[in-house]
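J.: Got a structure for you, query_26.cif, holding mmCIF, C-alpha atoms.
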data_run
loop_
_atom_site.label_atom_id
_atom_site.label_comp_id
_atom_site.auth_asym_id
_atom_site.auth_seq_id
_atom_site.Cartn_x
_atom_site.Cartn_y
_atom_site.Cartn_z
CA MET A 1 -12.87 20.49 15.12
CA VAL A 2 -15.13 18.76 17.62
CA ARG A 3 -12.02 17.92 19.62
CA ALA A 4 -10.85 21.51 19.82
CA SER A 5 -14.12 22.68 21.34
CA THR A 6 -14.13 19.90 23.97
CA PRO A 7 -12.32 20.96 27.16
CA VAL A 8 -9.05 19.06 27.15
CA PRO A 9 -8.56 17.39 30.56
CA ALA A 10 -5.37 18.44 32.33
CA ASP A 11 -2.50 15.98 32.04
CA PRO A 12 -3.41 13.42 34.74
CA PRO A 13 -0.08 13.44 36.59
CA VAL A 14 -0.19 17.26 36.78
CA ARG A 15 -3.75 17.15 38.10
CA LEU A 16 -2.74 14.50 40.63
CA ALA A 17 0.36 16.46 41.68
CA GLU A 18 -1.88 19.48 42.20
CA ALA A 19 -4.21 17.36 44.35
CA VAL A 20 -1.23 16.16 46.45
CA CYS A 21 -0.26 19.81 47.07
CA SER A 22 -3.83 20.69 48.11
CA VAL A 23 -3.90 17.83 50.60
CA ILE A 24 -0.49 18.89 52.02
CA ALA A 25 -1.55 22.54 52.29
CA GLU A 26 -4.52 21.46 54.40
CA HIS A 27 -3.25 18.45 56.36
CA GLY A 28 0.54 18.78 56.25
CA LEU A 29 2.93 16.34 54.62
CA GLU A 30 2.18 13.74 57.29
CA GLY A 31 -1.48 13.78 56.24
CA ALA A 32 -0.82 13.22 52.52
CA SER A 33 -2.17 9.68 52.16
CA ILE A 34 -2.86 8.11 48.77
CA ARG A 35 -6.50 7.78 49.89
CA LYS A 36 -6.85 11.53 50.60
CA VAL A 37 -5.15 12.40 47.29
CA ALA A 38 -7.50 10.11 45.36
CA SER A 39 -10.45 11.76 47.07
CA ALA A 40 -9.17 15.31 46.37
CA ALA A 41 -8.52 14.46 42.70
CA GLU A 42 -11.85 12.58 42.41
CA VAL A 43 -10.18 9.46 41.05
CA SER A 44 -9.79 5.94 42.40
CA ILE A 45 -6.94 4.90 44.69
CA GLY A 46 -5.86 2.57 41.85
CA ALA A 47 -5.57 5.55 39.48
CA VAL A 48 -3.22 7.33 41.91
CA GLN A 49 -1.16 4.16 42.30
CA HIS A 50 -1.05 3.70 38.53
CA HIS A 51 0.73 7.06 38.11
CA PHE A 52 2.72 6.91 41.34
CA PRO A 53 3.73 3.33 42.20
CA THR A 54 5.04 4.41 45.63
CA LYS A 55 4.23 7.22 48.04
CA ASP A 56 7.78 8.49 47.49
CA ASP A 57 7.09 8.78 43.74
CA MET A 58 3.95 10.76 44.54
CA LEU A 59 5.78 13.18 46.84
CA VAL A 60 8.69 13.74 44.44
CA ALA A 61 6.26 14.48 41.58
CA ALA A 62 4.33 16.93 43.76
CA PHE A 63 7.52 18.69 44.94
CA GLU A 64 8.71 19.02 41.31
CA HIS A 65 5.26 20.31 40.36
CA ILE A 66 5.15 23.07 42.97
CA VAL A 67 8.73 24.15 42.26
CA ARG A 68 7.99 24.26 38.52
CA ALA A 69 4.85 26.34 39.12
CA GLY A 70 6.92 28.97 40.96
CA SER A 71 9.71 28.97 38.37
CA GLU A 72 7.27 29.39 35.50
CA ARG A 73 5.60 32.31 37.27
CA VAL A 74 9.00 33.96 37.73
CA ALA A 75 9.98 33.28 34.10
CA ARG A 76 6.82 35.04 32.87
CA LEU A 77 7.56 38.25 34.81
CA PRO A 78 8.35 41.20 32.55
CA LEU A 79 11.74 42.58 33.62
CA GLY A 80 13.00 46.08 32.91
CA GLU A 81 16.28 47.97 33.16
CA ASP A 82 16.23 48.63 36.91
CA THR A 83 18.00 45.94 38.97
CA ALA A 84 16.29 46.84 42.27
CA ASP A 85 12.91 46.67 40.60
CA ASN A 86 13.69 43.38 38.89
CA LEU A 87 14.94 41.75 42.10
CA SER A 88 11.95 43.00 44.03
CA ARG A 89 9.55 41.51 41.49
CA VAL A 90 11.31 38.15 41.33
CA LEU A 91 11.66 37.76 45.10
CA ARG A 92 8.10 38.85 45.86
CA GLU A 93 6.95 35.87 43.80
CA LEU A 94 8.77 33.63 46.28
CA LEU A 95 7.27 35.23 49.39
CA PRO A 96 3.90 34.26 50.93
CA LEU A 97 2.30 37.67 50.34
CA ASP A 98 -1.15 36.43 49.25
CA ALA A 99 -3.28 33.33 49.77
CA ALA A 100 -2.00 31.48 46.68
CA ARG A 101 1.67 32.07 47.45
CA ARG A 102 1.07 31.30 51.15
CA ARG A 103 -0.34 27.92 50.17
CA GLU A 104 2.60 27.32 47.82
CA ALA A 105 5.15 28.34 50.46
CA ARG A 106 3.58 26.11 53.13
CA VAL A 107 3.79 23.13 50.83
CA TYR A 108 7.33 24.08 49.74
CA VAL A 109 8.60 24.40 53.34
CA ALA A 110 7.06 21.04 54.25
CA PHE A 111 8.83 19.35 51.32
CA ALA A 112 12.15 21.10 51.91
CA ALA A 113 12.09 20.09 55.60
CA ARG A 114 11.41 16.47 54.60
CA ALA A 115 14.34 16.68 52.16
CA ALA A 116 16.68 16.48 55.18
CA THR A 117 15.85 12.77 55.49
CA GLN A 118 14.77 11.87 51.92
CA PRO A 119 17.47 11.89 49.22
CA ARG A 120 15.09 12.16 46.23
CA LEU A 121 13.42 15.26 47.69
CA ALA A 122 16.89 16.60 48.58
CA ALA A 123 17.93 16.35 44.90
CA VAL A 124 14.91 18.44 43.84
CA GLN A 125 15.61 21.01 46.57
CA GLN A 126 19.33 21.25 45.66
CA ALA A 127 18.50 21.78 41.96
CA THR A 128 15.85 24.37 42.85
CA LEU A 129 18.15 26.49 45.01
CA THR A 130 20.97 26.31 42.44
CA GLY A 131 18.56 27.44 39.73
CA ILE A 132 17.37 30.44 41.76
CA VAL A 133 20.93 31.45 42.73
CA ASP A 134 22.03 31.24 39.05
CA ARG A 135 19.16 33.48 38.06
CA LEU A 136 19.74 36.02 40.82
CA ALA A 137 23.49 36.08 40.10
CA ARG A 138 22.78 36.98 36.46
CA VAL A 139 20.49 39.84 37.55
CA LEU A 140 23.12 41.07 40.03
CA GLU A 141 26.17 40.83 37.78
CA ALA A 142 25.86 44.41 36.59
CA ASP A 143 25.66 45.88 40.12
CA ALA A 144 27.49 43.68 42.61
CA ALA A 145 31.18 42.82 42.92
CA HIS A 146 30.63 39.29 44.21
CA ALA A 147 27.47 38.39 42.35
CA ARG A 148 27.45 34.69 43.32
CA ALA A 149 27.82 35.30 47.06
CA GLU A 150 25.34 38.19 46.91
CA ALA A 151 22.87 35.94 45.08
CA GLU A 152 23.22 33.23 47.73
CA LEU A 153 22.71 35.77 50.51
CA LEU A 154 19.71 37.21 48.71
CA LEU A 155 18.19 33.73 48.42
CA ALA A 156 18.81 33.20 52.14
CA VAL A 157 17.03 36.49 52.92
CA ALA A 158 14.03 35.47 50.80
CA ASP A 159 13.96 31.93 52.21
CA GLY A 160 14.28 33.22 55.77
CA LEU A 161 11.43 35.70 55.28
CA MET A 162 9.32 32.94 53.72
CA PHE A 163 10.17 30.49 56.51
CA ASP A 164 9.42 33.00 59.28
CA ALA A 165 6.22 34.23 57.57
CA ILE A 166 4.92 30.67 57.16
CA THR A 167 5.85 29.46 60.62
CA ALA A 168 5.14 32.67 62.64
CA PRO A 169 2.56 34.61 60.58
CA GLN A 170 1.56 36.84 63.53
CA SER A 171 4.96 38.57 63.48
CA PHE A 172 5.64 38.36 59.76
CA ASP A 173 2.44 39.49 58.06
CA PRO A 174 2.54 40.29 54.30
CA ASP A 175 3.18 44.04 54.67
CA ARG A 176 5.93 43.51 57.24
CA THR A 177 7.51 40.73 55.17
CA ALA A 178 7.54 42.78 51.96
CA GLY A 179 8.86 45.80 53.90
CA LEU A 180 11.78 43.77 55.26
CA LEU A 181 12.64 42.59 51.74
CA ASP A 182 12.68 46.20 50.54
CA LEU A 183 14.87 47.20 53.51
CA TYR A 184 17.37 44.53 52.45
CA LEU A 185 17.29 45.47 48.75
CA ARG A 186 17.82 49.16 49.54
CA ARG A 187 20.86 48.27 51.59
CA LEU A 188 22.23 45.84 48.97
CA LEU A 189 21.90 48.29 46.12
CA GLY A 190 22.66 51.40 48.15
CA SER A 191 19.59 53.22 46.81
CA MET B 1 26.91 12.33 100.80
CA VAL B 2 26.20 9.00 99.19
CA ARG B 3 23.55 10.70 97.11
CA ALA B 4 25.90 13.36 95.79
CA SER B 5 28.34 10.77 94.47
CA THR B 6 25.60 8.74 92.75
CA PRO B 7 24.94 9.98 89.20
CA VAL B 8 21.60 11.75 89.33
CA PRO B 9 19.36 10.49 86.49
CA ALA B 10 18.25 13.22 84.12
CA ASP B 11 14.71 14.47 84.63
CA PRO B 12 12.69 11.79 82.76
CA PRO B 13 10.68 14.18 80.55
CA VAL B 14 13.92 15.91 79.51
CA ARG B 15 15.54 12.58 78.71
CA LEU B 16 12.45 11.52 76.76
CA ALA B 17 12.32 14.85 74.88
CA GLU B 18 15.98 14.33 73.98
CA ALA B 19 15.14 10.84 72.70
CA VAL B 20 12.31 12.27 70.56
CA CYS B 21 14.77 14.72 69.00
CA SER B 22 17.27 11.91 68.27
CA VAL B 23 14.57 9.89 66.52
CA ILE B 24 13.48 12.94 64.48
CA ALA B 25 17.08 13.78 63.50
CA GLU B 26 17.45 10.28 62.09
CA HIS B 27 14.00 9.42 60.74
CA GLY B 28 12.29 12.80 60.27
CA LEU B 29 9.20 13.97 62.11
CA GLU B 30 7.06 11.46 60.23
CA GLY B 31 9.16 8.63 61.70
CA ALA B 32 8.81 9.77 65.33
CA SER B 33 6.60 6.98 66.66
CA ILE B 34 6.09 6.40 70.39
CA ARG B 35 7.59 2.92 69.86
CA LYS B 36 10.82 4.31 68.35
CA VAL B 37 11.09 6.94 71.12
CA ALA B 38 10.66 4.27 73.81
CA SER B 39 13.39 2.20 72.17
CA ALA B 40 15.78 5.19 71.86
CA ALA B 41 15.20 6.16 75.51
CA GLU B 42 15.43 2.52 76.65
CA VAL B 43 12.10 2.69 78.46
CA SER B 44 8.74 0.97 77.92
CA ILE B 45 6.07 2.33 75.59
CA GLY B 46 3.92 2.76 78.72
CA ALA B 47 6.57 5.00 80.28
CA VAL B 48 6.51 7.30 77.23
CA GLN B 49 2.72 7.37 77.31
CA HIS B 50 2.76 8.11 81.04
CA HIS B 51 4.71 11.34 80.45
CA PHE B 52 3.12 12.20 77.11
CA PRO B 53 -0.53 11.10 76.97
CA THR B 54 -0.78 11.94 73.24
CA LYS B 55 1.70 12.08 70.37
CA ASP B 56 0.97 15.81 70.15
CA ASP B 57 2.06 16.24 73.80
CA MET B 58 5.27 14.39 72.98
CA LEU B 59 6.05 16.58 69.96
CA VAL B 60 5.29 19.87 71.78
CA ALA B 61 7.57 18.85 74.68
CA ALA B 62 10.37 17.92 72.27
CA PHE B 63 10.01 21.19 70.31
CA GLU B 64 10.13 23.19 73.58
CA HIS B 65 13.15 21.15 74.64
CA ILE B 66 15.20 21.80 71.51
CA VAL B 67 14.31 25.50 71.47
CA ARG B 68 15.28 25.80 75.16
CA ALA B 69 18.60 24.04 74.51
CA GLY B 70 19.48 26.64 71.85
CA SER B 71 18.35 29.60 74.00
CA GLU B 72 20.36 28.41 76.99
CA ARG B 73 23.47 28.02 74.82
CA VAL B 74 23.00 31.59 73.54
CA ALA B 75 22.37 32.92 77.08
CA ARG B 76 25.67 31.41 78.27
CA LEU B 77 27.74 33.17 75.56
CA PRO B 78 30.07 35.80 76.96
CA LEU B 79 29.31 39.07 75.17
CA GLY B 80 31.66 42.02 74.89
CA GLU B 81 31.46 45.64 73.80
CA ASP B 82 31.58 45.07 70.04
CA THR B 83 28.13 44.76 68.44
CA ALA B 84 29.37 43.03 65.28
CA ASP B 85 31.23 40.48 67.35
CA ASN B 86 28.26 39.89 69.67
CA LEU B 87 25.83 39.41 66.78
CA SER B 88 28.22 37.08 65.01
CA ARG B 89 28.54 34.90 68.12
CA VAL B 90 24.82 34.77 68.81
CA LEU B 91 23.84 34.01 65.22
CA ARG B 92 26.53 31.37 64.68
CA GLU B 93 24.90 29.43 67.51
CA LEU B 94 21.73 29.28 65.41
CA LEU B 95 23.48 28.09 62.24
CA PRO B 96 24.22 24.44 61.41
CA LEU B 97 28.01 24.90 61.41
CA ASP B 98 28.93 21.63 63.18
CA ALA B 99 27.37 18.20 63.68
CA ALA B 100 25.54 19.08 66.92
CA ARG B 101 24.01 22.28 65.58
CA ARG B 102 23.20 20.55 62.26
CA ARG B 103 21.22 17.92 64.16
CA GLU B 104 19.47 20.63 66.18
CA ALA B 105 18.65 22.68 63.06
CA ARG B 106 17.26 19.64 61.20
CA VAL B 107 14.93 18.90 64.09
CA TYR B 108 14.02 22.57 64.45
CA VAL B 109 13.16 22.98 60.75
CA ALA B 110 11.02 19.83 60.85
CA PHE B 111 9.05 21.15 63.83
CA ALA B 112 8.69 24.66 62.43
CA ALA B 113 7.40 23.27 59.12
CA ARG B 114 4.84 21.16 60.98
CA ALA B 115 3.79 24.28 62.92
CA ALA B 116 2.00 25.47 59.75
CA THR B 117 -0.72 22.85 60.40
CA GLN B 118 -0.46 22.33 64.20
CA PRO B 119 -1.50 25.24 66.45
CA ARG B 120 0.37 24.07 69.58
CA LEU B 121 3.65 23.84 67.69
CA ALA B 122 2.85 27.21 66.07
CA ALA B 123 2.55 28.81 69.54
CA VAL B 124 6.04 27.53 70.47
CA GLN B 125 7.50 28.77 67.17
CA GLN B 126 5.86 32.20 67.51
CA ALA B 127 7.21 32.63 71.05
CA THR B 128 10.66 31.46 69.95
CA LEU B 129 10.95 33.94 67.08
CA THR B 130 9.64 36.81 69.23
CA GLY B 131 12.22 35.96 71.90
CA ILE B 132 15.10 35.97 69.41
CA VAL B 133 13.94 39.23 67.77
CA ASP B 134 13.67 40.90 71.22
CA ARG B 135 17.18 39.82 72.06
CA LEU B 136 18.65 40.92 68.71
CA ALA B 137 16.82 44.26 68.91
CA ARG B 138 18.41 44.96 72.30
CA VAL B 139 21.88 44.20 70.90
CA LEU B 140 21.21 46.43 67.88
CA GLU B 141 19.67 49.39 69.73
CA ALA B 142 23.00 51.18 70.08
CA ASP B 143 23.88 50.93 66.38
CA ALA B 144 20.75 50.80 64.24
CA ALA B 145 18.05 53.39 63.65
CA HIS B 146 15.21 50.88 63.27
CA ALA B 147 16.37 48.21 65.68
CA ARG B 148 13.15 46.15 65.60
CA ALA B 149 12.99 45.90 61.81
CA GLU B 150 16.74 45.28 61.61
CA ALA B 151 16.40 42.53 64.21
CA GLU B 152 13.60 40.87 62.24
CA LEU B 153 15.64 41.06 59.04
CA LEU B 154 18.66 39.66 60.83
CA LEU B 155 16.58 36.76 62.11
CA ALA B 156 15.34 36.15 58.56
CA VAL B 157 18.93 36.10 57.27
CA ALA B 158 19.93 33.57 59.94
CA ASP B 159 16.81 31.44 59.42
CA GLY B 160 17.27 31.52 55.64
CA LEU B 161 20.91 30.46 55.91
CA MET B 162 19.91 27.69 58.32
CA PHE B 163 17.04 26.56 56.08
CA ASP B 164 19.18 26.53 52.94
CA ALA B 165 22.12 24.84 54.72
CA ILE B 166 19.88 22.10 56.11
CA THR B 167 17.92 21.48 52.92
CA ALA B 168 20.73 22.01 50.34
CA PRO B 169 23.98 21.26 52.20
CA GLN B 170 25.98 20.84 48.98
CA SER B 171 25.66 24.56 48.18
CA PHE B 172 25.61 25.89 51.74
CA ASP B 173 28.47 24.13 53.53
CA PRO B 174 29.56 25.49 56.96
CA ASP B 175 32.34 27.78 55.63
CA ARG B 176 30.11 29.23 52.94
CA THR B 177 27.21 29.68 55.36
CA ALA B 178 29.34 31.45 57.99
CA GLY B 179 30.92 33.59 55.26
CA LEU B 180 27.50 34.73 54.03
CA LEU B 181 26.51 35.67 57.59
CA ASP B 182 29.68 37.76 57.90
CA LEU B 183 28.98 39.41 54.53
CA TYR B 184 25.57 40.45 55.84
CA LEU B 185 26.87 41.69 59.20
CA ARG B 186 29.61 43.77 57.53
CA ARG B 187 26.98 45.41 55.37
CA LEU B 188 24.55 45.96 58.26
CA LEU B 189 27.13 47.55 60.52
CA GLY B 190 29.08 49.28 57.75
CA SER B 191 32.39 47.88 58.99
#
Let's see the structure in the file written out as structure tokens.

T.:
Amino acid sequence: MVRASTPVPADPPVRLAEAVCSVIAEHGLEGASIRKVASAAEVSIGAVQHHFPTKDDMLVAAFEHIVRAGSERVARLPLGEDTADNLSRVLRELLPLDAARRREARVYVAFAARAATQPRLAAVQQATLTGIVDRLARVLEADAAHARAEAELLLAVADGLMFDAITAPQSFDPDRTAGLLDLYLRRLLGS
Amino acid sequence: MVRASTPVPADPPVRLAEAVCSVIAEHGLEGASIRKVASAAEVSIGAVQHHFPTKDDMLVAAFEHIVRAGSERVARLPLGEDTADNLSRVLRELLPLDAARRREARVYVAFAARAATQPRLAAVQQATLTGIVDRLARVLEADAAHARAEAELLLAVADGLMFDAITAPQSFDPDRTAGLLDLYLRRLLGS
């Protein structure tokens, strides 16, 4: 009973992966040194190296962590009968419409860009996109003739809005970004 | 007359910016050291530093170079009377549908991602997106009620397809990517 009342420390690799993401959000992927991560997580450099023998291991774990965080948030969303409403809810979770999602999207874009030259990050990115397309295709099946292609296009719309909002926030502020998503969904579903 | 028959060397900063892009295409932005750039351009490290006093200067010049290369290619496209056809031509130039454009898009995505933490790169990215949206809005004015919003959404579609094709090429191969663009344009223009 004593144990249950003691705060259980977060799983160390998860806490470290979270620290990696914080460092990347602030300093970019190029600034994510093992030293900075140790400092952000308030552990020794040796503790970081114990969990992540190489910097590559550290980055892959952090990429998987941030992707999982987004997926779990989407999985918890209550969905109803209305396809437009369901798609809007799911896709808004992927867009940088508030500070937390902006941080997540910045880190995500940095990792995805690095995936072009790092095969282990590329494998995570490939699996992530396939997972989202599968999910969107299931939501669309009832309403669209070519659900798979429509799901891929929908992902591209969301990723493009995210990419533009993260890299050119003056033009793509949250209201504008959400409005453009709605414009697309209205056209897709003819409502 | 002797001068005209002698090959004129490319403007050194342009040649160096091209070398920076080659290094980034192969090694990623994190691998773009002044040493590697000097080696790729076959000049001394001092020559690189003469033109680009800091690494930041080097990266900004290379980002401007690759963006200008894409814009000039688009500006040279012969456009006709058909809006769908014009949009398709312009946007295909932005998509990684062959080896040259894939290289360009990889470098572009790397720079744009870095723009999230580097203000000088962010200024180039902001100006680039505004320029493309302006151009698309002018093409769309004849056919779309809300040309500015439609142009922004169209840019997001193209950027999303580019981002997904660069980061998950197994799912988004050139045929699939071009097909998704056409699916969007057919829907936009109701043809």

J.: After superposing chain B onto chain A (least squares, all C-alpha atoms, pairing by order), export the transformed chain as a short mmCIF file (atom, residue, chain, number, x, y, z; two decimals) with C-alpha atoms, keeping the file's coordinate frame.

T.:
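Contents of out.cif, as written:
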data_model
loop_
_atom_site.label_atom_id
_atom_site.label_comp_id
_atom_site.auth_asym_id
_atom_site.auth_seq_id
_atom_site.Cartn_x
_atom_site.Cartn_y
_atom_site.Cartn_z
CA MET B 1 -12.73 21.34 15.35
CA VAL B 2 -14.94 19.49 17.76
CA ARG B 3 -11.85 18.59 19.73
CA ALA B 4 -10.69 22.17 20.08
CA SER B 5 -13.98 23.25 21.62
CA THR B 6 -14.02 20.36 24.11
CA PRO B 7 -12.18 21.24 27.34
CA VAL B 8 -8.95 19.28 27.25
CA PRO B 9 -8.46 17.45 30.58
CA ALA B 10 -5.28 18.41 32.38
CA ASP B 11 -2.42 15.94 32.07
CA PRO B 12 -3.37 13.37 34.76
CA PRO B 13 -0.02 13.37 36.61
CA VAL B 14 -0.14 17.18 36.78
CA ARG B 15 -3.69 17.09 38.10
CA LEU B 16 -2.70 14.43 40.64
CA ALA B 17 0.40 16.40 41.70
CA GLU B 18 -1.85 19.42 42.20
CA ALA B 19 -4.18 17.30 44.35
CA VAL B 20 -1.21 16.13 46.46
CA CYS B 21 -0.25 19.76 47.07
CA SER B 22 -3.84 20.65 48.09
CA VAL B 23 -3.89 17.80 50.60
CA ILE B 24 -0.49 18.86 52.01
CA ALA B 25 -1.56 22.52 52.28
CA GLU B 26 -4.52 21.44 54.40
CA HIS B 27 -3.24 18.44 56.36
CA GLY B 28 0.56 18.78 56.26
CA LEU B 29 2.94 16.33 54.63
CA GLU B 30 2.20 13.74 57.30
CA GLY B 31 -1.47 13.77 56.26
CA ALA B 32 -0.79 13.19 52.54
CA SER B 33 -2.14 9.65 52.20
CA ILE B 34 -2.83 8.07 48.80
CA ARG B 35 -6.47 7.73 49.92
CA LYS B 36 -6.82 11.48 50.62
CA VAL B 37 -5.11 12.35 47.31
CA ALA B 38 -7.47 10.05 45.39
CA SER B 39 -10.44 11.70 47.08
CA ALA B 40 -9.15 15.25 46.38
CA ALA B 41 -8.50 14.39 42.71
CA GLU B 42 -11.82 12.53 42.42
CA VAL B 43 -10.15 9.39 41.08
CA SER B 44 -9.75 5.86 42.44
CA ILE B 45 -6.90 4.83 44.73
CA GLY B 46 -5.80 2.51 41.90
CA ALA B 47 -5.52 5.47 39.53
CA VAL B 48 -3.17 7.26 41.95
CA GLN B 49 -1.11 4.10 42.36
CA HIS B 50 -0.99 3.63 38.59
CA HIS B 51 0.77 6.99 38.15
CA PHE B 52 2.75 6.86 41.39
CA PRO B 53 3.78 3.29 42.26
CA THR B 54 5.09 4.37 45.70
CA LYS B 55 4.26 7.19 48.10
CA ASP B 56 7.81 8.46 47.55
CA ASP B 57 7.13 8.74 43.79
CA MET B 58 3.98 10.71 44.58
CA LEU B 59 5.79 13.14 46.88
CA VAL B 60 8.72 13.70 44.47
CA ALA B 61 6.29 14.44 41.61
CA ALA B 62 4.34 16.89 43.77
CA PHE B 63 7.53 18.65 44.96
CA GLU B 64 8.72 18.98 41.33
CA HIS B 65 5.28 20.26 40.37
CA ILE B 66 5.14 23.03 42.97
CA VAL B 67 8.72 24.11 42.27
CA ARG B 68 7.99 24.21 38.52
CA ALA B 69 4.84 26.28 39.11
CA GLY B 70 6.90 28.92 40.96
CA SER B 71 9.71 28.93 38.35
CA GLU B 72 7.27 29.33 35.48
CA ARG B 73 5.57 32.25 37.24
CA VAL B 74 8.98 33.91 37.72
CA ALA B 75 9.98 33.21 34.08
CA ARG B 76 6.82 34.96 32.84
CA LEU B 77 7.54 38.19 34.78
CA PRO B 78 8.34 41.12 32.51
CA LEU B 79 11.72 42.51 33.58
CA GLY B 80 12.99 45.99 32.86
CA GLU B 81 16.27 47.86 33.11
CA ASP B 82 16.21 48.56 36.85
CA THR B 83 17.97 45.89 38.92
CA ALA B 84 16.27 46.81 42.20
CA ASP B 85 12.88 46.64 40.54
CA ASN B 86 13.66 43.31 38.84
CA LEU B 87 14.91 41.71 42.06
CA SER B 88 11.92 42.98 43.98
CA ARG B 89 9.52 41.45 41.44
CA VAL B 90 11.29 38.11 41.30
CA LEU B 91 11.63 37.75 45.07
CA ARG B 92 8.06 38.83 45.84
CA GLU B 93 6.93 35.85 43.78
CA LEU B 94 8.75 33.61 46.26
CA LEU B 95 7.23 35.23 49.35
CA PRO B 96 3.88 34.25 50.89
CA LEU B 97 2.26 37.65 50.28
CA ASP B 98 -1.19 36.40 49.21
CA ALA B 99 -3.31 33.28 49.72
CA ALA B 100 -2.02 31.43 46.64
CA ARG B 101 1.65 32.03 47.40
CA ARG B 102 1.04 31.28 51.11
CA ARG B 103 -0.36 27.88 50.14
CA GLU B 104 2.58 27.27 47.81
CA ALA B 105 5.13 28.32 50.45
CA ARG B 106 3.55 26.10 53.13
CA VAL B 107 3.80 23.10 50.82
CA TYR B 108 7.31 24.06 49.75
CA VAL B 109 8.58 24.41 53.34
CA ALA B 110 7.06 21.04 54.25
CA PHE B 111 8.82 19.34 51.34
CA ALA B 112 12.14 21.09 51.93
CA ALA B 113 12.08 20.10 55.61
CA ARG B 114 11.42 16.48 54.65
CA ALA B 115 14.35 16.68 52.20
CA ALA B 116 16.70 16.51 55.22
CA THR B 117 15.85 12.79 55.56
CA GLN B 118 14.79 11.86 51.98
CA PRO B 119 17.50 11.90 49.28
CA ARG B 120 15.13 12.16 46.28
CA LEU B 121 13.44 15.24 47.72
CA ALA B 122 16.90 16.60 48.61
CA ALA B 123 17.96 16.33 44.94
CA VAL B 124 14.92 18.41 43.87
CA GLN B 125 15.61 21.01 46.57
CA GLN B 126 19.32 21.25 45.67
CA ALA B 127 18.51 21.77 41.98
CA THR B 128 15.85 24.34 42.85
CA LEU B 129 18.14 26.47 45.01
CA THR B 130 20.97 26.29 42.45
CA GLY B 131 18.55 27.41 39.73
CA ILE B 132 17.36 30.41 41.74
CA VAL B 133 20.92 31.42 42.73
CA ASP B 134 22.02 31.21 39.05
CA ARG B 135 19.15 33.43 38.03
CA LEU B 136 19.73 35.99 40.81
CA ALA B 137 23.47 36.05 40.09
CA ARG B 138 22.79 36.94 36.45
CA VAL B 139 20.49 39.80 37.51
CA LEU B 140 23.10 41.04 40.00
CA GLU B 141 26.17 40.77 37.74
CA ALA B 142 25.86 44.37 36.55
CA ASP B 143 25.66 45.84 40.05
CA ALA B 144 27.48 43.66 42.56
CA ALA B 145 31.15 42.80 42.89
CA HIS B 146 30.60 39.28 44.22
CA ALA B 147 27.44 38.37 42.35
CA ARG B 148 27.42 34.68 43.33
CA ALA B 149 27.78 35.30 47.07
CA GLU B 150 25.30 38.19 46.90
CA ALA B 151 22.84 35.94 45.07
CA GLU B 152 23.18 33.24 47.73
CA LEU B 153 22.67 35.79 50.50
CA LEU B 154 19.67 37.21 48.69
CA LEU B 155 18.17 33.74 48.40
CA ALA B 156 18.76 33.23 52.13
CA VAL B 157 16.99 36.52 52.91
CA ALA B 158 14.00 35.49 50.78
CA ASP B 159 13.92 31.94 52.19
CA GLY B 160 14.23 33.25 55.75
CA LEU B 161 11.38 35.72 55.25
CA MET B 162 9.28 32.95 53.70
CA PHE B 163 10.13 30.51 56.50
CA ASP B 164 9.38 33.03 59.25
CA ALA B 165 6.18 34.24 57.53
CA ILE B 166 4.88 30.69 57.12
CA THR B 167 5.80 29.49 60.60
CA ALA B 168 5.09 32.71 62.59
CA PRO B 169 2.51 34.63 60.54
CA GLN B 170 1.51 36.85 63.47
CA SER B 171 4.90 38.60 63.43
CA PHE B 172 5.59 38.38 59.70
CA ASP B 173 2.38 39.50 58.00
CA PRO B 174 2.51 40.28 54.23
CA ASP B 175 3.13 44.05 54.62
CA ARG B 176 5.87 43.52 57.17
CA THR B 177 7.47 40.75 55.12
CA ALA B 178 7.49 42.79 51.90
CA GLY B 179 8.80 45.80 53.82
CA LEU B 180 11.72 43.79 55.20
CA LEU B 181 12.58 42.59 51.69
CA ASP B 182 12.62 46.20 50.49
CA LEU B 183 14.81 47.21 53.45
CA TYR B 184 17.31 44.56 52.40
CA LEU B 185 17.24 45.48 48.70
CA ARG B 186 17.75 49.19 49.47
CA ARG B 187 20.79 48.30 51.52
CA LEU B 188 22.17 45.85 48.93
CA LEU B 189 21.85 48.27 46.05
CA GLY B 190 22.63 51.41 48.06
CA SER B 191 19.55 53.20 46.74
#

J.: So what does the PyMOL selection byres ((chain B) within 8 of (chain A)) actually pick up in this one, as a PyMOL selection string?

T.: chain B and resi 26-28+30+106+109-110+112-117+122+125-126+129-130+149+152-153+155-161+163-164+166-168+170-171+180+184+187-188

J.: Could you give me, as JSON, numbers by chain, the residues within 9 Å of segment 58-73 of chain B, counting all atoms listed in the file and dropping anything in the same chain fewer than 3 positions from it?

T.: {"B": [13, 14, 16, 17, 18, 19, 20, 21, 29, 32, 34, 48, 49, 51, 52, 53, 54, 55, 76, 77, 93, 94, 101, 104, 107, 108, 111, 112, 120, 121, 124, 125, 128, 132]}

J.: My list of candidates is B:Arg35, B:Arg186, B:Arg148, B:Arg92. Which is closest to Arg135 of chain B when distances are computed with only C-alpha atoms?

T.: B:Arg148

J.: By how many Å are atom CA of Ala144 of chain B and atom CA of Ala178 of chain A apart?

T.: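 About the pair atom CA of Ala144 of chain B and atom CA of Ala178 of chain A: they are 19.7 Å apart.
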
J.: Mind giving me the axis-aligned box for segment 37-55 of chain B with 3 Å on every side, centre plus edges in Å to one decimal, as JSON?

T.:
{"center_x": 7.5, "center_y": 6.6, "center_z": 75.7, "size_x": 22.6, "size_y": 17.2, "size_z": 16.7}

J.: At what distance in Å, to one decimal, does atom CA of Gly190 of chain A lie from atom CA of Asp143 of chain A?

T.: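 Atom CA of Gly190 of chain A lies at a distance of 10.2 Å from atom CA of Asp143 of chain A.
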